[in-house]
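Heads up: the structure comes next, in structure tokens.
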Amino acid sequence: MRYWPARNEDVWEMAKQHPKQIDWYSVLGASPNDGLQELKQKYQKLVLLYHPDKQGLDVAPGDADQRLQRFIEVDQAWKILSNAETKREYDLQLRAQELKQSWPVDAQVSLEDMDWDSDTQSYTYGCRCGGEFIIGTEEMEEEAIVCCDTCSLSIEIKRTA
Ligand SMILES: [Zn+2]
């Protein structure tokens with residue numbers, strides 16, 4: 001039997017808070033494996049390309065806005081990735097997102113639909129593989145993600161008012 005949290009709780013919290021993060025690495029045309037030196041080179045190249053002072057007079061107004069937007073993103077990406085602490089935080093978020101993708105949520109279930117087991121003080125719900133989703137009352141907050149005790153599916157449990 002496997003209980004929530006089966007995965008790193010903090011990482012999950014972060015993933016929930018930032019559902020649609022900008023991919024700062026791809027903003028710089030970089031990958032998470034790039035070192036600081038590589039990131040810096042890529043940043044400097046893009047900043048020169050998109051810097052508002054470097055735009056020629058022949059750039060259309062719409063283009064100029066887009067370039068400014070890119071410049072702001074590139075600058076923001078570098079601020080996050082060049083600082084060891086914010087980079088670490090961001091890398092954790094990325095990992096959480098990957099986890100979310102590799103542990104697909106199979107269904108949303110409300111707590112009322114689950115079976116109550118008074119012996120173990122937990123709620124259970126049958127998985128289509130024949131296994132079970134189990135969550136103890138103490139683990140249940142407003143919502144929770146629980147993985148099957150047999151397969152890799154998980155369900156999102158919501159407490160309905
Ligand atoms: Zn299952």
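As shown in the structure tokens, the chain order sets the letters A, B, ...; within each chain, residues go from 1, and ligands are also counted from 1 in the order they appear.
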
message = Please find the residues contacting ligand 1 at a distance of at most 9 Å between atoms, with only C-alpha atoms and all ligand atoms counted, and report them as a ChimeraX atom specification.
response = /A:126-133,147-154

Write out, as a PDB file, in the first residue's frame, the residues just selected, with C-alpha atoms.
ATOM      1  CA  GLY A 126     -10.852   1.505  -7.259  1.00  0.00           C
ATOM      2  CA  CYS A 127      -8.435   1.996 -10.135  1.00  0.00           C
ATOM      3  CA  ARG A 128      -9.283   0.549 -13.520  1.00  0.00           C
ATOM      4  CA  CYS A 129      -6.191  -1.663 -13.280  1.00  0.00           C
ATOM      5  CA  GLY A 130      -7.750  -3.402 -10.281  1.00  0.00           C
ATOM      6  CA  GLY A 131      -5.532  -1.582  -7.816  1.00  0.00           C
ATOM      7  CA  GLU A 132      -6.618   1.089  -5.381  1.00  0.00           C
ATOM      8  CA  PHE A 133      -6.174   4.745  -4.660  1.00  0.00           C
ATOM      9  CA  CYS A 147      -1.276   7.484  -7.166  1.00  0.00           C
ATOM     10  CA  CYS A 148      -2.536   3.964  -7.564  1.00  0.00           C
ATOM     11  CA  ASP A 149      -0.953   1.351  -5.338  1.00  0.00           C
ATOM     12  CA  THR A 150      -0.459  -0.890  -8.352  1.00  0.00           C
ATOM     13  CA  CYS A 151      -0.025   1.091 -11.571  1.00  0.00           C
ATOM     14  CA  SER A 152       1.316   4.524 -12.512  1.00  0.00           C
ATOM     15  CA  LEU A 153      -2.050   6.263 -12.812  1.00  0.00           C
ATOM     16  CA  SER A 154      -3.073   8.933 -10.388  1.00  0.00           C
TER      17      SER A 154
END

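Taking stretch 38-72 of chain A and asking which residues DSSP calls helix (DSSP H, G or I) on the backbone, you get A:Glu38, A:Leu39, A:Lys40, A:Gln41, A:Lys42, A:Tyr43, A:Gln44, A:Lys45, A:Leu46, A:Val47, A:Leu48, A:Leu49, A:Tyr50, A:Pro52, A:Asp53, A:Lys54, A:Pro61, A:Gly62, A:Asp63, A:Ala64, A:Asp65, A:Gln66, A:Arg67, A:Leu68, A:Gln69, A:Arg70, A:Phe71, A:Ile72.
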
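Proximity to A:Ile157 at 6 Å, evaluated using only C-alpha atoms and with sequence-adjacent residues fewer than 6 positions away removed, yields Gln108, Val109, Ser110, Glu143 and Ala144 of chain A.
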
Store the residues of this selection in a file with C-alpha atoms, as a PDB file, in the first residue's frame.
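For reference, part34.pdb as written:
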ATOM      1  CA  GLN A 108     -10.987  13.754 -11.023  1.00  0.00           C
ATOM      2  CA  VAL A 109     -12.883  12.236  -8.163  1.00  0.00           C
ATOM      3  CA  SER A 110     -14.728  13.928  -5.387  1.00  0.00           C
ATOM      4  CA  GLU A 143      -7.416  18.681  -3.045  1.00  0.00           C
ATOM      5  CA  ALA A 144      -4.834  15.997  -3.389  1.00  0.00           C
TER       6      ALA A 144
END

remark   = The residue from A:Leu46, A:Ala30, A:Met114, A:Leu39 with the smallest atom-to-atom distance to A:Val74, counting only C-alpha atoms, is A:Leu46

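Residue neighbourhood of A:Met140, excluding near-sequence residues (fewer than 4 positions): Trp4, Leu111, Ser122, Tyr123, Ile135, Gly136, Ala144, Ile145, Val146, Ile157, Lys158 and Arg159 of chain A, at 10 Å, using only C-alpha atoms.
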
message = What's around A:Tyr43 at 9 Å? Count only C-alpha atoms, leave out sequence neighbours fewer than 4 positions away in its own chain, and write the answer as an MDAnalysis selection string.
response = chainID A and resid 28:29 38:39 47:48 74:75 77:78

For the residues in the current selection, export N, CA and C atoms as a compact mmCIF listing (two decimals), in the first residue's frame.
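Wrote out_25.txt, looks like this:
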# COMPACT_ATOMS: atom_id res chain seq x y z
N LEU A 28 16.11 31.57 -23.70
CA LEU A 28 17.51 31.84 -24.01
C LEU A 28 18.03 30.91 -25.11
N GLY A 29 17.18 30.04 -25.61
CA GLY A 29 17.64 29.05 -26.59
C GLY A 29 18.62 28.08 -25.97
N GLU A 38 27.70 29.09 -20.73
CA GLU A 38 26.92 28.93 -21.96
C GLU A 38 25.66 29.79 -21.92
N LEU A 39 25.01 29.79 -20.77
CA LEU A 39 23.79 30.60 -20.61
C LEU A 39 24.11 32.07 -20.83
N VAL A 47 20.38 39.60 -26.10
CA VAL A 47 20.18 40.95 -25.59
C VAL A 47 20.63 41.97 -26.64
N LEU A 48 21.73 41.68 -27.30
CA LEU A 48 22.19 42.56 -28.36
C LEU A 48 21.18 42.61 -29.50
N VAL A 74 14.00 37.81 -22.21
CA VAL A 74 15.40 37.37 -22.19
C VAL A 74 16.09 37.89 -20.93
N ASP A 75 15.80 39.14 -20.60
CA ASP A 75 16.38 39.75 -19.42
C ASP A 75 15.92 39.03 -18.15
N ALA A 77 14.75 35.94 -17.96
CA ALA A 77 15.32 34.59 -17.96
C ALA A 77 16.73 34.61 -17.37
N TRP A 78 17.50 35.58 -17.79
CA TRP A 78 18.88 35.65 -17.30
C TRP A 78 18.92 35.96 -15.80

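For the residues A:Tyr125, A:Asp34, A:Asp23, A:Gln69, ranking by smallest atom-to-atom distance to A:Asp113 using only C-alpha atoms places A:Tyr125 first.
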
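Closest approach to A:Ser26 among A:Lys54, A:Arg67, A:Lys42, A:Lys100 is made by A:Lys42 (distances from only C-alpha atoms).
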
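Of the listed residues A:Glu156, A:Trp116, A:Lys79, A:Glu138, the one whose atoms come nearest to A:Leu36 is A:Lys79, with distances taken using only C-alpha atoms.
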
ask   = Can you tell me how far atom CA of A:Asp91 sits from atom CA of A:Pro32, in Å to one decimal?
value = 7.8 Å

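Interatomic distance, atom CA of A:Asp58 to atom CA of A:Lys40: 28.8 Å.
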
task = List every residue of chain A that DSSP, applied to the backbone, labels as strand (DSSP E), and write the result as a PyMOL selection string.
result = chain A and resi 105-110+115-117+122-126+132-136+143-147+154-158

Keeping N, CA and C atoms for every residue in the selection just given, could you write it to a file as a short mmCIF file (atom, residue, chain, number, x, y, z; two decimals), in the first residue's frame?
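To be explicit, this is the file written out as part.cif:
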data_model
loop_
_atom_site.label_atom_id
_atom_site.label_comp_id
_atom_site.auth_asym_id
_atom_site.auth_seq_id
_atom_site.Cartn_x
_atom_site.Cartn_y
_atom_site.Cartn_z
N VAL A 105 -2.76 12.33 -14.60
CA VAL A 105 -3.95 12.27 -13.76
C VAL A 105 -5.05 11.60 -14.58
N ASP A 106 -5.52 10.46 -14.11
CA ASP A 106 -6.48 9.66 -14.86
C ASP A 106 -7.89 10.21 -14.73
N ALA A 107 -8.23 10.71 -13.56
CA ALA A 107 -9.60 11.17 -13.35
C ALA A 107 -9.66 12.14 -12.18
N GLN A 108 -10.72 12.92 -12.18
CA GLN A 108 -10.99 13.75 -11.02
C GLN A 108 -12.13 13.12 -10.25
N VAL A 109 -11.91 12.94 -8.99
CA VAL A 109 -12.88 12.24 -8.16
C VAL A 109 -13.20 13.11 -6.96
N SER A 110 -14.44 13.17 -6.60
CA SER A 110 -14.73 13.93 -5.39
C SER A 110 -14.71 12.96 -4.20
N ASP A 115 -14.82 5.35 -1.16
CA ASP A 115 -15.31 4.49 -0.08
C ASP A 115 -14.57 4.80 1.22
N TRP A 116 -15.30 4.92 2.27
CA TRP A 116 -14.71 5.21 3.57
C TRP A 116 -14.39 3.91 4.30
N ASP A 117 -13.16 3.81 4.76
CA ASP A 117 -12.75 2.63 5.52
C ASP A 117 -12.45 3.08 6.94
N SER A 122 -9.32 5.84 6.27
CA SER A 122 -8.89 6.34 4.96
C SER A 122 -9.99 6.14 3.93
N TYR A 123 -9.85 6.89 2.84
CA TYR A 123 -10.77 6.76 1.72
C TYR A 123 -10.10 5.92 0.64
N THR A 124 -10.88 5.07 0.00
CA THR A 124 -10.31 4.28 -1.08
C THR A 124 -11.17 4.43 -2.33
N TYR A 125 -10.53 4.19 -3.45
CA TYR A 125 -11.23 4.30 -4.74
C TYR A 125 -10.58 3.31 -5.68
N GLY A 126 -11.40 2.54 -6.39
CA GLY A 126 -10.85 1.51 -7.26
C GLY A 126 -10.24 2.08 -8.53
N GLU A 132 -5.83 0.15 -6.16
CA GLU A 132 -6.62 1.09 -5.38
C GLU A 132 -5.89 2.41 -5.15
N PHE A 133 -6.68 3.45 -5.10
CA PHE A 133 -6.17 4.75 -4.66
C PHE A 133 -6.57 4.88 -3.19
N ILE A 134 -5.62 5.21 -2.36
CA ILE A 134 -5.90 5.30 -0.93
C ILE A 134 -5.40 6.63 -0.39
N ILE A 135 -6.24 7.28 0.37
CA ILE A 135 -5.78 8.51 1.02
C ILE A 135 -6.32 8.57 2.44
N GLY A 136 -5.44 8.84 3.37
CA GLY A 136 -5.84 8.96 4.77
C GLY A 136 -6.47 10.32 5.02
N GLU A 143 -7.55 19.60 -1.93
CA GLU A 143 -7.42 18.68 -3.04
C GLU A 143 -6.10 17.94 -2.89
N ALA A 144 -6.04 16.80 -3.52
CA ALA A 144 -4.83 16.00 -3.39
C ALA A 144 -4.68 15.14 -4.63
N ILE A 145 -3.44 14.78 -4.93
CA ILE A 145 -3.21 13.85 -6.03
C ILE A 145 -2.66 12.57 -5.42
N VAL A 146 -3.30 11.49 -5.76
CA VAL A 146 -2.93 10.20 -5.17
C VAL A 146 -2.61 9.24 -6.30
N CYS A 147 -1.55 8.47 -6.12
CA CYS A 147 -1.28 7.48 -7.17
C CYS A 147 -1.75 6.11 -6.74
N SER A 154 -2.74 8.22 -11.61
CA SER A 154 -3.07 8.93 -10.39
C SER A 154 -4.41 9.63 -10.58
N ILE A 155 -5.05 9.96 -9.48
CA ILE A 155 -6.32 10.70 -9.56
C ILE A 155 -6.20 11.97 -8.74
N GLU A 156 -6.98 12.95 -9.16
CA GLU A 156 -7.05 14.19 -8.42
C GLU A 156 -8.32 14.13 -7.58
N ILE A 157 -8.16 14.27 -6.29
CA ILE A 157 -9.31 14.20 -5.41
C ILE A 157 -9.67 15.60 -4.95
N LYS A 158 -10.93 15.91 -5.08
CA LYS A 158 -11.40 17.24 -4.63
C LYS A 158 -12.45 17.07 -3.55
#

query = Nearest to A:Ala84: which of A:Tyr50, A:Gly35, A:Asp63, A:Leu68 is it, counting only C-alpha atoms?
reply = A:Gly35

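Taking atom CA of A:Pro104 and atom CA of A:Thr137 as the two end points, the separation is 23.2 Å.
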
Exercise: A:Ala64 partners within 12 Å, only C-alpha atoms, chain neighbours under 2 positions left out, as a list in words = Leu49, Tyr50, His51, Pro52, Asp53, Lys54, Gln55, Gly56, Leu57, Asp58, Val59, Ala60, Pro61, Gly62, Gln66, Arg67, Leu68, Gln69, Arg70 and Phe71 of chain A

The selected residues should be written to file as an mmCIF file, in the first residue's frame (atoms: C-alpha atoms).
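Saved to again_21.cif:
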data_model
loop_
_atom_site.group_PDB
_atom_site.id
_atom_site.type_symbol
_atom_site.label_atom_id
_atom_site.label_comp_id
_atom_site.auth_asym_id
_atom_site.auth_seq_id
_atom_site.Cartn_x
_atom_site.Cartn_y
_atom_site.Cartn_z
ATOM 1 C CA LEU A 49 19.676 41.349 -30.909
ATOM 2 C CA TYR A 50 16.592 42.606 -29.075
ATOM 3 C CA HIS A 51 17.883 45.591 -27.139
ATOM 4 C CA PRO A 52 15.587 48.616 -27.751
ATOM 5 C CA ASP A 53 18.595 50.879 -28.383
ATOM 6 C CA LYS A 54 19.868 48.579 -31.096
ATOM 7 C CA GLN A 55 16.745 48.616 -33.268
ATOM 8 C CA GLY A 56 17.087 50.268 -36.641
ATOM 9 C CA LEU A 57 14.663 52.923 -37.866
ATOM 10 C CA ASP A 58 13.262 50.517 -40.429
ATOM 11 C CA VAL A 59 11.645 48.310 -37.762
ATOM 12 C CA ALA A 60 7.846 48.510 -37.947
ATOM 13 C CA PRO A 61 6.097 49.648 -34.730
ATOM 14 C CA GLY A 62 4.436 46.234 -34.231
ATOM 15 C CA GLN A 66 7.455 42.227 -30.122
ATOM 16 C CA ARG A 67 11.177 42.756 -29.880
ATOM 17 C CA LEU A 68 10.779 44.702 -26.662
ATOM 18 C CA GLN A 69 8.696 41.850 -25.267
ATOM 19 C CA ARG A 70 11.406 39.398 -26.223
ATOM 20 C CA PHE A 71 14.035 41.638 -24.671
#
